[in-house]
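Undergrad: Here you go, query-v4.cif (mmCIF, C-alpha atoms):
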data_model
loop_
_atom_site.label_atom_id
_atom_site.label_comp_id
_atom_site.auth_asym_id
_atom_site.auth_seq_id
_atom_site.Cartn_x
_atom_site.Cartn_y
_atom_site.Cartn_z
CA MET A 677 44.25 91.45 193.10
CA THR A 678 40.69 92.54 193.94
CA LYS A 679 40.44 96.21 194.72
CA ARG A 680 39.28 96.91 198.28
CA ARG A 681 36.05 98.91 198.58
CA SER A 682 36.36 102.40 199.95
CA ARG A 683 34.81 103.24 203.33
CA GLY A 684 31.09 104.02 202.88
CA ASP A 685 30.72 102.03 199.65
CA GLY A 686 28.90 99.27 201.56
CA GLY A 687 29.04 95.50 201.35
CA LEU A 688 27.41 92.83 199.20
CA HIS A 689 26.71 89.22 200.17
CA TRP A 690 24.41 86.30 199.31
CA ASP A 691 21.76 85.34 201.88
CA ASP A 692 21.04 81.58 201.59
CA LYS A 693 17.93 81.77 203.71
CA ARG A 694 16.28 84.57 201.71
CA GLU A 695 17.94 83.54 198.44
CA ARG A 696 18.69 87.14 197.64
CA TRP A 697 21.72 89.40 197.37
CA ILE A 698 21.96 91.81 200.31
CA ALA A 699 23.69 95.16 199.89
CA THR A 700 24.58 97.09 203.06
CA ALA A 701 26.04 100.49 203.78
CA SER A 702 27.15 102.11 207.00
CA LEU A 703 26.02 105.72 207.26
CA GLY A 704 27.73 106.74 210.47
CA PHE A 705 26.25 106.85 213.96
CA ASP A 706 23.04 108.14 215.47
CA PRO A 707 22.99 110.50 218.50
CA SER A 708 23.10 107.52 220.89
CA GLY A 709 26.26 106.18 219.27
CA LYS A 710 24.57 103.29 217.48
CA ARG A 711 25.80 102.57 213.96
CA ILE A 712 23.33 103.46 211.19
CA VAL A 713 23.18 100.61 208.67
CA LYS A 714 21.00 100.64 205.59
CA ARG A 715 20.21 97.51 203.60
CA ALA A 716 18.77 96.73 200.19
CA SER A 717 18.10 93.37 198.55
CA GLY A 718 17.67 91.99 195.05
CA ARG A 719 17.63 88.75 193.12
CA THR A 720 20.82 89.77 191.34
CA LYS A 721 23.92 91.69 192.36
CA THR A 722 23.00 94.47 189.96
CA ALA A 723 19.49 94.85 191.42
CA ALA A 724 20.80 94.91 194.98
CA LYS A 725 23.44 97.52 194.12
CA ALA A 726 20.85 99.68 192.33
CA LYS A 727 18.59 99.63 195.37
CA LEU A 728 21.51 100.46 197.62
CA LYS A 729 22.35 103.47 195.46
CA GLU A 730 18.75 104.61 195.81
CA VAL A 731 18.98 104.30 199.59
CA LEU A 732 22.24 106.27 199.65
CA ARG A 733 20.78 108.95 197.40
CA ASP A 734 17.77 109.32 199.69
CA TYR A 735 20.11 109.61 202.66
CA GLU A 736 22.04 112.40 200.97
CA ASP A 737 18.74 114.15 200.16
CA GLY A 738 17.69 113.98 203.81
CA LEU A 739 15.13 111.19 203.24
CA ALA A 740 16.82 108.48 205.26
CA ILE A 741 13.73 107.85 207.38
CA ALA A 742 11.42 107.36 204.39
CA PRO A 743 10.60 103.70 203.77
CA THR A 744 11.07 102.72 200.14
CA GLY A 745 7.54 101.29 199.98
CA TYR A 746 5.81 104.47 201.22
CA THR A 747 2.84 105.02 198.88
CA VAL A 748 0.38 107.77 198.05
CA ARG A 749 -2.20 105.82 200.05
CA ASP A 750 0.08 105.95 203.11
CA ALA A 751 0.54 109.72 202.72
CA VAL A 752 -3.17 110.39 202.28
CA THR A 753 -4.15 108.10 205.16
CA ASP A 754 -1.62 109.80 207.43
CA TRP A 755 -2.94 113.25 206.48
CA LEU A 756 -6.56 112.22 207.14
CA ALA A 757 -5.60 110.77 210.52
CA TYR A 758 -3.33 113.54 211.81
CA GLY A 759 -3.42 116.50 209.44
CA LEU A 760 -7.00 117.60 210.09
CA ASN A 761 -6.88 117.99 213.87
CA GLY A 762 -9.17 120.74 215.09
CA ARG A 763 -11.27 120.75 211.94
CA ASP A 764 -15.03 120.41 212.01
CA ALA A 765 -16.33 116.83 211.83
CA SER A 766 -18.16 117.59 208.59
CA THR A 767 -14.91 118.89 207.04
CA VAL A 768 -13.08 115.71 208.03
CA GLY A 769 -15.92 113.61 206.67
CA THR A 770 -15.99 115.45 203.34
CA ASN A 771 -12.23 115.14 202.85
CA THR A 772 -12.32 111.46 203.79
CA ILE A 773 -15.01 110.77 201.18
CA LEU A 774 -13.10 112.69 198.49
CA CYS A 775 -9.87 110.81 199.22
CA ASN A 776 -11.47 107.36 199.43
CA THR A 777 -13.53 107.96 196.29
CA HIS A 778 -11.17 109.80 193.97
CA VAL A 779 -7.56 109.91 195.24
CA ILE A 780 -6.71 106.53 196.74
CA PRO A 781 -8.38 104.30 194.09
CA ALA A 782 -6.55 106.08 191.26
CA LEU A 783 -3.15 106.90 192.79
CA GLY A 784 -2.97 105.06 196.11
CA ALA A 785 -0.78 102.18 194.97
CA ARG A 786 1.84 104.51 193.46
CA LYS A 787 5.04 104.88 195.50
CA LEU A 788 5.15 108.47 196.68
CA ARG A 789 8.75 108.98 195.57
CA ASP A 790 7.78 107.76 192.07
CA LEU A 791 4.72 110.00 191.76
CA SER A 792 5.31 112.43 188.89
CA ALA A 793 3.63 115.61 187.71
CA ASP A 794 2.56 113.68 184.61
CA ASP A 795 0.76 111.15 186.82
CA VAL A 796 -1.14 113.94 188.54
CA ASP A 797 -1.96 115.68 185.24
CA ARG A 798 -3.36 112.48 183.76
CA TRP A 799 -5.37 111.82 186.91
CA LEU A 800 -6.92 115.29 186.93
CA ALA A 801 -7.63 115.12 183.18
CA ASP A 802 -9.42 111.81 183.65
CA LYS A 803 -11.45 113.15 186.58
CA SER A 804 -12.39 116.29 184.62
CA LYS A 805 -14.66 114.13 182.49
CA VAL A 806 -16.93 113.36 185.43
CA LEU A 807 -16.33 116.10 188.01
CA SER A 808 -16.96 119.84 188.09
CA THR A 809 -14.07 122.29 188.27
CA ARG A 810 -14.80 122.96 191.93
CA SER A 811 -14.68 119.25 192.74
CA LEU A 812 -11.39 118.94 190.86
CA GLU A 813 -9.97 121.75 192.98
CA ALA A 814 -11.11 119.92 196.10
CA ILE A 815 -9.49 116.57 195.27
CA ARG A 816 -6.28 118.24 194.11
CA SER A 817 -6.19 120.14 197.40
CA CYS A 818 -6.50 116.87 199.33
CA LEU A 819 -3.60 115.29 197.47
CA ASN A 820 -1.53 118.47 197.64
CA ARG A 821 -1.87 118.78 201.41
CA ALA A 822 -1.16 115.08 201.93
CA VAL A 823 2.05 115.23 199.88
CA LYS A 824 3.06 118.52 201.51
CA ARG A 825 2.73 116.90 204.93
CA ALA A 826 4.78 113.91 203.76
CA MET A 827 7.48 116.24 202.40
CA ALA A 828 7.67 118.07 205.73
CA ARG A 829 8.35 114.71 207.36
CA ASP A 830 11.10 113.72 204.91
CA LYS A 831 9.03 111.06 203.15
CA VAL A 832 9.53 112.61 199.73
CA LYS A 833 11.89 115.20 198.29
CA ARG A 834 9.41 117.52 196.55
CA ASN A 835 5.70 118.05 196.05
CA VAL A 836 4.91 117.47 192.39
CA VAL A 837 1.22 118.25 192.92
CA GLU A 838 2.02 121.96 193.22
CA LEU A 839 3.34 121.85 189.64
CA CYS A 840 -0.05 120.78 188.27
CA SER A 841 -2.96 123.09 187.51
CA VAL A 842 -6.62 122.16 187.65
CA PRO A 843 -8.27 121.61 184.26
CA THR A 844 -11.77 122.78 183.47
CA GLY A 845 -14.26 120.17 184.58
CA ARG A 846 -17.84 119.45 183.72
CA PRO A 847 -20.26 122.33 184.23
CA GLY A 848 -21.70 122.20 187.75
CA ARG A 849 -25.41 122.11 188.45
CA PRO A 850 -26.52 125.73 188.11
CA SER A 851 -28.55 127.12 190.97
CA LYS A 852 -32.12 128.07 190.16
CA SER A 853 -34.67 130.62 191.22
CA LEU A 854 -38.42 130.54 191.68
CA THR A 855 -40.53 133.08 189.84
CA LEU A 856 -42.96 135.12 191.93
CA LYS A 857 -45.86 132.89 190.87
CA GLN A 858 -43.90 129.75 191.68
CA ALA A 859 -42.90 131.17 195.06
CA GLU A 860 -46.55 131.87 195.85
CA ALA A 861 -47.44 128.31 194.82
CA VAL A 862 -44.69 126.91 197.06
CA LEU A 863 -45.93 128.87 200.08
CA THR A 864 -49.48 127.68 199.39
CA ALA A 865 -48.36 124.07 199.04
CA ALA A 866 -46.30 124.35 202.24
CA GLU A 867 -49.33 125.05 204.45
CA GLY A 868 -49.61 122.12 206.83
CA SER A 869 -46.00 121.06 206.19
CA PRO A 870 -43.66 120.62 209.20
CA ILE A 871 -41.36 123.23 207.63
CA TYR A 872 -44.04 125.78 206.69
CA ALA A 873 -42.68 128.56 208.91
CA TYR A 874 -39.11 127.68 207.96
CA LEU A 875 -39.91 128.06 204.24
CA VAL A 876 -41.81 131.32 204.72
CA VAL A 877 -39.00 132.94 206.73
CA SER A 878 -36.25 131.60 204.44
CA LEU A 879 -37.98 132.72 201.25
CA LEU A 880 -39.06 136.12 202.57
CA THR A 881 -35.79 137.07 204.33
CA GLY A 882 -33.16 135.29 202.21
CA GLY A 883 -31.53 133.60 205.20
CA ARG A 884 -29.06 130.80 204.68
CA THR A 885 -30.20 127.34 205.72
CA GLU A 886 -27.24 127.21 208.12
CA GLU A 887 -28.56 130.44 209.71
CA MET A 888 -32.22 129.44 209.89
CA ARG A 889 -31.82 126.02 211.50
CA PRO A 890 -30.07 127.29 214.69
CA LEU A 891 -32.32 130.38 215.03
CA THR A 892 -33.59 130.72 218.60
CA TRP A 893 -36.67 132.45 219.99
CA ASP A 894 -34.34 134.79 221.92
CA HIS A 895 -33.37 136.26 218.55
CA VAL A 896 -36.96 136.70 217.34
CA ASP A 897 -39.08 139.76 218.16
CA LEU A 898 -42.60 139.45 216.77
CA ASP A 899 -43.87 142.68 218.32
CA GLY A 900 -41.15 145.29 217.85
CA ASP A 901 -41.39 148.66 219.58
CA ARG A 902 -43.34 151.34 217.73
CA THR A 903 -42.81 153.82 220.58
CA ALA A 904 -39.03 153.75 220.25
CA THR A 905 -37.16 156.44 218.33
CA PRO A 906 -36.67 155.34 215.65
CA ALA A 907 -39.42 152.72 215.75
CA ILE A 908 -38.26 149.10 215.95
CA PRO A 909 -40.22 146.76 213.66
CA PRO A 910 -40.69 143.02 214.32
CA HIS A 911 -37.40 141.37 213.38
CA ILE A 912 -35.03 138.43 213.64
CA ALA A 913 -31.37 138.68 214.63
CA VAL A 914 -29.23 136.48 212.35
CA TRP A 915 -26.25 136.10 214.68
CA ARG A 916 -25.57 132.38 214.67
CA SER A 917 -25.00 129.48 212.28
CA VAL A 918 -24.49 125.73 212.47
CA ARG A 919 -20.73 126.14 211.96
CA SER A 920 -18.52 124.63 214.67
CA SER A 921 -17.65 128.11 215.94
CA GLY A 922 -21.32 129.14 216.01
CA ASP A 923 -20.45 132.31 214.09
CA THR A 924 -22.04 133.41 210.84
CA LYS A 925 -20.21 132.83 207.57
CA THR A 926 -18.71 136.34 207.40
CA ARG A 927 -18.74 139.47 209.55
CA LYS A 928 -21.35 141.08 207.29
CA SER A 929 -23.53 137.98 207.58
CA ARG A 930 -24.29 139.03 211.18
CA ARG A 931 -27.35 141.19 210.61
CA THR A 932 -30.80 142.05 211.94
CA LEU A 933 -33.70 141.77 209.50
CA ALA A 934 -37.20 143.25 209.72
CA LEU A 935 -39.89 140.63 209.21
CA PRO A 936 -42.59 140.86 206.52
CA GLY A 937 -46.16 140.43 207.77
CA ARG A 938 -46.48 136.98 206.26
CA ALA A 939 -43.35 135.81 208.09
CA ILE A 940 -44.67 137.25 211.39
CA ASP A 941 -47.90 135.29 211.00
CA ALA A 942 -46.01 132.11 210.12
CA LEU A 943 -43.78 132.42 213.20
CA LYS A 944 -46.79 132.96 215.46
CA ILE A 945 -48.29 129.77 214.04
CA GLN A 946 -44.95 128.01 214.57
CA ARG A 947 -44.79 129.08 218.23
CA GLU A 948 -48.29 127.73 218.86
CA ARG A 949 -47.56 124.54 216.94
CA GLN A 950 -44.37 124.03 218.91
CA GLY A 951 -46.33 124.24 222.15
CA TRP A 952 -48.53 121.34 221.03
CA GLN A 953 -45.43 119.40 219.96
CA ARG A 954 -43.92 119.92 223.42
CA LEU A 955 -47.03 118.49 225.06
CA ALA A 956 -47.16 115.52 222.67
CA ALA A 957 -43.47 114.70 223.18
CA GLY A 958 -43.69 114.79 226.98
CA ASP A 959 -40.47 113.64 228.63
CA GLN A 960 -38.83 113.12 225.24
CA TRP A 961 -38.89 116.85 224.48
CA GLN A 962 -35.44 118.48 224.47
CA GLU A 963 -35.71 122.18 225.16
CA ASN A 964 -33.12 124.12 223.15
CA GLY A 965 -35.00 127.35 222.58
CA LEU A 966 -34.95 126.74 218.82
CA VAL A 967 -37.55 128.22 216.48
CA PHE A 968 -37.52 125.40 213.93
CA THR A 969 -37.30 121.95 215.50
CA SER A 970 -38.01 118.30 215.05
CA ALA A 971 -40.96 116.67 216.83
CA VAL A 972 -38.86 116.35 220.00
CA GLY A 973 -37.25 119.81 220.02
CA THR A 974 -33.90 119.02 218.41
CA GLU A 975 -32.31 121.03 215.62
CA LEU A 976 -33.48 120.23 212.10
CA ASP A 977 -31.11 118.20 209.99
CA ALA A 978 -30.17 119.63 206.57
CA ALA A 979 -31.14 116.41 204.77
CA ASN A 980 -34.56 116.33 206.45
CA VAL A 981 -35.24 119.94 205.48
CA ARG A 982 -34.25 119.20 201.88
CA ARG A 983 -36.50 116.16 201.79
CA GLU A 984 -39.50 118.12 203.11
CA LEU A 985 -38.79 120.97 200.68
CA ARG A 986 -38.94 118.58 197.74
CA LYS A 987 -42.27 117.21 198.96
CA VAL A 988 -43.63 120.76 199.02
CA LEU A 989 -42.21 121.47 195.56
CA ALA A 990 -43.87 118.34 194.21
CA ARG A 991 -47.26 119.55 195.50
CA ALA A 992 -46.63 123.07 194.16
CA ALA A 993 -45.78 121.72 190.70
CA GLU A 994 -49.25 120.17 190.46
CA LEU A 995 -51.14 123.41 191.13
CA PRO A 996 -53.08 124.93 188.20
CA GLY A 997 -51.05 127.08 185.81
CA MET A 998 -47.64 125.88 186.97
CA ASP A 999 -47.05 123.98 183.75
CA VAL A 1000 -46.91 127.24 181.74
CA GLU A 1001 -44.28 128.94 183.91
CA PRO A 1002 -40.88 129.83 182.33
CA HIS A 1003 -39.43 126.63 183.73
CA VAL A 1004 -41.11 123.59 185.24
CA ILE A 1005 -40.29 122.69 188.84
CA GLU A 1006 -38.45 119.37 189.04
CA PRO A 1007 -38.43 118.71 192.82
CA ASP A 1008 -35.39 116.41 192.88
CA GLU A 1009 -33.22 119.10 191.29
CA TRP A 1010 -33.81 121.72 193.99
CA THR A 1011 -31.98 122.35 197.27
CA THR A 1012 -32.75 124.53 200.28
CA ARG A 1013 -30.22 127.19 199.27
CA GLU A 1014 -32.42 128.06 196.30
CA THR A 1015 -34.97 129.77 198.52
CA ARG A 1016 -32.15 132.27 199.00
CA THR A 1017 -31.45 132.68 195.28
CA SER A 1018 -35.19 133.10 194.76
CA PHE A 1019 -35.29 135.90 197.37
CA VAL A 1020 -32.46 137.72 195.60
CA SER A 1021 -33.93 137.27 192.14
CA ILE A 1022 -37.46 138.33 193.05
CA LEU A 1023 -36.20 141.50 194.73
CA SER A 1024 -33.91 142.22 191.77
CA ASP A 1025 -36.79 141.74 189.36
CA ARG A 1026 -38.78 144.31 191.33
CA GLY A 1027 -36.01 146.85 190.85
CA ILE A 1028 -34.45 146.78 194.34
CA PRO A 1029 -30.83 148.05 194.08
CA LEU A 1030 -28.18 145.36 194.14
CA GLU A 1031 -26.35 147.07 197.01
CA GLU A 1032 -29.46 146.83 199.21
CA ILE A 1033 -30.04 143.18 198.29
CA SER A 1034 -26.41 142.43 199.14
CA ARG A 1035 -26.90 143.97 202.60
CA LEU A 1036 -30.08 141.95 203.18
CA VAL A 1037 -28.43 138.60 202.42
CA GLY A 1038 -25.20 139.43 204.25
CA HIS A 1039 -22.79 139.35 201.33
CA SER A 1040 -19.37 140.95 201.72
CA SER A 1041 -19.71 142.57 198.30
CA THR A 1042 -22.22 142.96 195.49
CA ALA A 1043 -20.02 140.82 193.22
CA VAL A 1044 -21.15 137.60 194.93
CA THR A 1045 -24.79 138.70 194.78
CA GLU A 1046 -24.49 139.50 191.09
CA GLU A 1047 -22.47 136.52 189.89
CA VAL A 1048 -23.76 133.68 192.05
CA TYR A 1049 -27.17 134.46 193.51
CA ARG A 1050 -29.09 136.75 191.21
CA LYS A 1051 -30.96 134.78 188.56
CA GLN A 1052 -32.50 137.71 186.74
CA ILE A 1053 -36.03 136.85 185.71
CA ARG A 1054 -36.75 140.01 183.78
CA PRO A 1055 -35.31 139.47 180.26
CA VAL A 1056 -34.88 143.18 179.45
CA ILE A 1057 -32.85 145.58 181.57
CA GLN A 1058 -35.04 148.66 181.83
CA THR A 1059 -32.96 150.93 184.06
CA GLY A 1060 -31.45 153.02 181.29
CA ALA A 1061 -34.69 153.54 179.38
CA THR A 1062 -36.58 154.47 182.55
CA ALA A 1063 -33.91 157.00 183.53
CA MET A 1064 -33.80 158.55 180.06
CA ASP A 1065 -37.60 158.86 179.96
CA GLY A 1066 -37.37 160.74 183.23
CA ILE A 1067 -34.64 163.04 181.89
CA PHE A 1068 -35.91 163.76 178.38
CA GLY A 1069 -39.56 162.94 178.81
CA THR A 1070 -41.67 160.75 176.58
CA PRO A 1071 -42.09 162.37 173.15
CA PRO A 1072 -45.53 162.56 171.52
CA PRO A 1073 -46.20 160.08 168.75
CA PRO A 1074 -44.90 161.28 165.33
CA LYS A 1075 -47.38 162.90 162.94
CA ARG A 1076 -48.29 160.79 159.94
#
Let me see the structure of the file written as structure tokens.

TA:
Amino acid sequence: MTKRRSRGDGGLHWDDKRERWIATASLGFDPSGKRIVKRASGRTKTAAKAKLKEVLRDYEDGLAIAPTGYTVRDAVTDWLAYGLNGRDASTVGTNTILCNTHVIPALGARKLRDLSADDVDRWLADKSKVLSTRSLEAIRSCLNRAVKRAMARDKVKRNVVELCSVPTGRPGRPSKSLTLKQAEAVLTAAEGSPIYAYLVVSLLTGGRTEEMRPLTWDHVDLDGDRTATPAIPPHIAVWRSVRSSGDTKTRKSRRTLALPGRAIDALKIQRERQGWQRLAAGDQWQENGLVFTSAVGTELDAANVRRELRKVLARAAELPGMDVEPHVIEPDEWTTRETRTSFVSILSDRGIPLEEISRLVGHSSTAVTEEVYRKQIRPVIQTGATAMDGIFGTPPPPKR
């Protein structure tokens, strides 16, 4: 006599229309009183039973709502669509590019419940051959947050990405710094360029490109107040950035900087030039009160500034004597942030204390200034020798 199945073991029958074995299991009732029935199918009885066991196991683990075909692509797509609400458009765009370029093509077809730590390790190891360590951290973060969101919605039992560390990737492109002679050549080559004043102020104050582009005339004082106590020199107030919040990168980034004479002259030229641009644009001019603008008064785009900078660098590289500098300027390898590294390095080379340079560029600590921005030009550190000469004096030459 055939043994009767126990309650909850489910049923098994052949479906002529689908030509497959169908395994079913009743899992009780939902809050509305409707019976919860789960089904699994297979070409053989064994395959159908195995799938049914998987469904029952998921139910016991609290994953009853997770479809068996839910893939890494589904998890990542869901995170991009709903997990980045409130983020800046550029942040969403960057994460979308990273996922569509590196995550989905490599792992997207994998069922999320079958994704293993070994899969993630192999993926990161493969990507480490072509990406920098920072880029590897970024793509791992995308996958990690996507799987974490899926886990919170009972699509998968655990997040295996958190078990995987980021390997060392390819060395990133090191930032560079202009020497004093190269900086002078760049400023000379920039005369007549649409971004002449922008380059002068950036190079001579160390401002971030995200701080310079939204700078308004309300935050520029080209006269100062010599009668005040203490006297107020001409200055710019770096209080805004292009970030979605409008705030500067950090609290210490909000600072007021005195302007060198060359920057004052450049800004006066820019104000006059902008007046002519306003007349030429006519009704197309959009008044935003910005210092550095396009031909119609709108804020400069980062890509346009970079393109103009490289044109200036190309002209500077052709000036006499530039071919014997410590390193040759290759325009396509430079970005706008390197006017900032040049500012730090030139001041450092002139012996300005690191703490003061850190204050000027708005760093939260000198560690960032030292490790990331300062590209020391002077090959020999002279501080100790200079101090000792001052303490002990310089001895007379030995008698022969």

Undergrad: When the PyMOL selection byres ((chain A and resi 1012) around 9) is applied to the file above, which residues end up in the set, as a count of residues only?

TA: 15

Undergrad: Using only C-alpha atoms, pick whichever of A:Asp901, A:Asp750, A:Asp830, A:Asp797 has the shortest atom-to-atom distance to Ile780 (chain A).

TA: A:Asp750

Undergrad: Can you tell me which residues surround region 841-846 of chain A at a distance of at most 7 Å, considering all atoms listed in the file, apart from same-chain residues fewer than 5 positions away, and format the answer as a tab-separated table (two decimals) with C-alpha atoms, keeping the file's coordinate frame?

TA:
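The new file part-v9.tsv reads:
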chain	number	residue	atom	x	y	z
A	800	LEU	CA	-6.92	115.29	186.93
A	801	ALA	CA	-7.63	115.12	183.18
A	804	SER	CA	-12.39	116.29	184.62
A	805	LYS	CA	-14.66	114.13	182.49
A	806	VAL	CA	-16.93	113.36	185.43
A	807	LEU	CA	-16.33	116.10	188.01
A	808	SER	CA	-16.96	119.84	188.09
A	809	THR	CA	-14.07	122.29	188.27
A	812	LEU	CA	-11.39	118.94	190.86
A	813	GLU	CA	-9.97	121.75	192.98

Undergrad: May I ask which of the residues A:Asp941, A:Glu838, A:Glu860, A:Asp802 is the closest one to Ala873 (chain A), counting only C-alpha atoms?

TA: A:Asp941

Undergrad: So that I can see what lies close to Thr772 (chain A), please list as a list of chain:residue names the residues with an atom at most 10 Å from it, counting all atoms listed in the file and leaving out residues fewer than 3 positions away in the same chain.

TA: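 Contacts, in chain order: A:Val752, A:Thr753, A:Trp755, A:Leu756, A:Ala757, A:Ser766, A:Thr767, A:Val768, A:Gly769, A:Cys775, A:Asn776, A:Thr777, A:Val779, A:Cys818.
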
Undergrad: Which is closest to Ala822 (chain A) among A:Val748, A:Leu856, A:Leu839, A:Leu774, if we use only C-alpha atoms?

TA: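 Smallest distance to Ala822 (chain A) is found for A:Val748.
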